[in-house]
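Novice: What follows is a structure written as structure tokens; I'll ask about it next.
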Amino acid sequence: MSLRHTGSWLTIEHERAYILEPGKRERPLLERHMTDYTLPHPDVRREHPIAEDDLALAVAAVQAPELEAIRAALSSIEVHSPPDTRPAWTANPGDLGMRSSNVVRPVARVESGGRNLANVYHTLRNQPDWPDTLARIQLALGDKIEAVTTPADPSGGRIGLALQIAGVGEIPAFAMSDGQLAYLALVGVLRLKRPTPPCLVAFDEPDLHLHPGLVRRLTSDLEVFGERTTVVVATQSDALLDALADPAKSAVLCDLDEHSATRCLRPDPEQLQRWLENYRGLGELRSAGYEELIFPALETQ
């Protein structure tokens, strides 16, 4: 797929799906140019109109198993922005984010902003690995946490989220700190068993709201999660960069070149290893202003 500028936004210019097998000619499944697309036989020469910002893969009325597989893979991609931890009195009515109760229903993923977090934990508590999940929460938020509960809402048909803390009692979601809620949301993403495993999970600033002491544990959890699915993390956190087990392999610097085009650069492994003998990690190197020595391509600017 390729994009083009239309005014101040992007639209789809070309789109193509095909099967390529060793020793065989490629077999087209779908081809699109601008606002028309075509499908394989018997529709090869029939053009179907499409809006310039619609994806032909999504709107094409064809049940080819190969296209269905592509659709399933793309729809399994998850993008998690920083969770919505606003207190109830600052939110719009009916949109209380993570602190609000949920109508009880099944979950397939943590929704945007963590607004279905109560349902997520209702599901997590019924997974066989719940004791391990609870142990991870206790390691991060304190061993006085006895349980994560989903108490019924008195209005009926809804559940909330609460922490049971020894010597304190039940702390409902509206009284939790931003850091507690944010970490519970991240644990939900990492521990929830999906009906369809995601092919890619992206996090934007996952350490936002977290105590600095939790960042290293979060980074370790993300790296373990990345062993079974592709994980992309967008961050400006030096603490998170310092916690990377193998920064030469996992870190990518996104930068603008002289034409304001985005380029993605990996560090020079030998240079990085040499500097890490005197610095605690890639984050400290970056904060000290040594990017040009670790990412040599920057020197050409």
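Please note that chains go A, B, ... in the order of the structure tokens, that every chain numbers its residues from 1, and that ligands are numbered from 1 in the order shown.
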Within 10 Å of Ala251 (chain A), counting only C-alpha atoms, which residues show up once you throw out same-chain ones fewer than 2 positions away? Write them as a tab-separated table (two decimals) with N, CA and C atoms, in the first residue's frame, please.

Specialist:
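Generated file (out_11.tsv):
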```
chain	number	residue	atom	x	y	z
A	232	VAL	N	5.89	-2.84	19.84
A	232	VAL	CA	6.48	-1.55	19.49
A	232	VAL	C	6.16	-0.58	20.61
A	233	VAL	N	7.17	0.09	21.15
A	233	VAL	CA	6.98	1.04	22.23
A	233	VAL	C	7.52	2.40	21.78
A	241	LEU	N	14.68	3.41	28.51
A	241	LEU	CA	15.80	3.06	27.62
A	241	LEU	C	16.95	2.44	28.41
A	244	LEU	N	16.51	-1.42	29.04
A	244	LEU	CA	16.50	-2.40	27.96
A	244	LEU	C	17.62	-3.42	28.14
A	246	ASP	N	18.82	-5.46	25.83
A	246	ASP	CA	19.71	-5.47	24.67
A	246	ASP	C	19.38	-4.27	23.78
A	247	PRO	N	19.81	-3.07	24.17
A	247	PRO	CA	19.42	-1.86	23.43
A	247	PRO	C	19.90	-1.86	21.99
A	248	ALA	N	21.04	-2.48	21.72
A	248	ALA	CA	21.55	-2.51	20.34
A	248	ALA	C	20.58	-3.24	19.42
A	249	LYS	N	19.87	-4.20	19.96
A	249	LYS	CA	18.93	-5.00	19.15
A	249	LYS	C	17.53	-4.41	19.14
A	253	LEU	N	15.90	4.79	16.82
A	253	LEU	CA	15.73	6.23	16.94
A	253	LEU	C	14.97	6.75	15.73
A	254	CYS	N	13.82	7.40	15.96
A	254	CYS	CA	13.07	8.02	14.88
A	254	CYS	C	13.48	9.48	14.79
A	264	CYS	N	14.49	5.87	10.40
A	264	CYS	CA	14.62	5.05	11.60
A	264	CYS	C	16.03	4.48	11.65
A	265	LEU	N	16.73	4.76	12.75
A	265	LEU	CA	18.15	4.41	12.87
A	265	LEU	C	18.37	3.47	14.04
A	266	ARG	N	19.20	2.48	13.85
A	266	ARG	CA	19.61	1.60	14.94
A	266	ARG	C	21.00	2.02	15.43
A	267	PRO	N	21.29	1.79	16.70
A	267	PRO	CA	22.61	2.18	17.22
A	267	PRO	C	23.71	1.28	16.66
A	282	LEU	N	21.34	3.23	27.57
A	282	LEU	CA	21.14	4.09	26.41
A	282	LEU	C	20.45	5.40	26.79
```

Novice: Please identify which residues in region 222-259 of chain A DSSP calls helix (DSSP H, G or I) from the backbone, and express them as number ranges by chain.

Specialist: A: 222-225, 238-242, 247-250

Novice: If we count only C-alpha atoms, what is near Ile294 (chain A) at a cut-off of 6 Å, once residues fewer than 5 positions away on the same chain are taken out, given as a ChimeraX atom specification?

Specialist: /A:267-268,271-272

Novice: Convert the current residue selection to file output with N, CA and C atoms, as a PDB file, in the first residue's frame.

Specialist:
```pdb
ATOM      1  N   PRO A 267      21.293   1.795  16.702  1.00  0.00           N
ATOM      2  CA  PRO A 267      22.614   2.178  17.218  1.00  0.00           C
ATOM      3  C   PRO A 267      23.713   1.283  16.660  1.00  0.00           C
ATOM      4  N   ASP A 268      24.911   1.813  16.623  1.00  0.00           N
ATOM      5  CA  ASP A 268      26.077   1.030  16.259  1.00  0.00           C
ATOM      6  C   ASP A 268      26.430   0.122  17.441  1.00  0.00           C
ATOM      7  N   GLN A 271      30.008   0.710  19.078  1.00  0.00           N
ATOM      8  CA  GLN A 271      30.107   2.005  19.753  1.00  0.00           C
ATOM      9  C   GLN A 271      29.279   2.014  21.027  1.00  0.00           C
ATOM     10  N   LEU A 272      28.070   1.463  20.938  1.00  0.00           N
ATOM     11  CA  LEU A 272      27.192   1.445  22.095  1.00  0.00           C
ATOM     12  C   LEU A 272      27.804   0.647  23.233  1.00  0.00           C
TER      13      LEU A 272
END
```

Novice: Please provide the set of residues having any atom within 12 Å of Arg136 (chain A), restricted to only C-alpha atoms, with same-chain residues fewer than 2 positions apart removed, written as number ranges by chain.

Specialist: A: 129-134, 138-143, 145, 147-148, 183-184, 186-188, 190-191, 214, 217-218, 220-221

Novice: For Tyr121 (chain A), which of A:Ala17, A:Leu208, A:Val201, A:Ala108 is the closest residue, counting only C-alpha atoms?

Specialist: A:Ala108

Novice: Excluding Ser81 (chain A) and residues on its chain fewer than 5 positions from it, collect all residues at most 10 Å away from it, counting only C-alpha atoms, and give them as a list in words.

Specialist: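 Listing them by chain and then by number gives Glu111, Ser112, Gly113, Gly114, Ala202, Phe203, Asp204, Glu205, Pro206, Leu208 and Ala234 of chain A.
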
Novice: Go ahead and compute the interatomic distance for CA of His33 (chain A) and CA of Leu57 (chain A), in Å to one decimal.

Specialist: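 Here the two named atoms are 12.7 Å from each other.
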
Novice: Rank nothing, just name the residue among A:Leu276, A:Val110, A:Phe225, A:Asp207 nearest to Val79 (chain A), using only C-alpha atoms.

Specialist: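 Residue with the minimum atom-to-atom distance to Val79 (chain A): A:Val110.
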
Novice: When DSSP works through the backbone of this structure, what residues of region 122-195 of chain A end up as strand (DSSP E), shown as a VMD selection string?

Specialist: chain A and resid 145 to 149 158 to 159 162 to 165 169 to 172

Novice: So that I can see what lies close to Glu66 (chain A), please list as a ChimeraX atom specification the residues with an atom at most 10 Å from it, counting only C-alpha atoms and leaving out residues fewer than 2 positions away in the same chain.

Specialist: /A:17-19,29,63-64,68-72

Novice: Nearest to Pro40 (chain A): which of A:Arg27, A:Asp54, A:Arg216, A:Glu78 is it, counting only C-alpha atoms?

Specialist: A:Arg27

Novice: What does the structure give for the distance between CA of Ala56 (chain A) and CA of Pro28 (chain A), in Å to one decimal?

Specialist: 13.8 Å

Novice: Pick the closest to Pro269 (chain A) from A:Phe174, A:Phe295, A:Tyr37, A:Trp9: which is it, counting only C-alpha atoms?

Specialist: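 For Pro269 (chain A), the nearest of the candidates is A:Phe295.
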
Novice: In Å to one decimal, how far is CA of His122 (chain A) from CA of Glu170 (chain A)?

Specialist: 16.2 Å
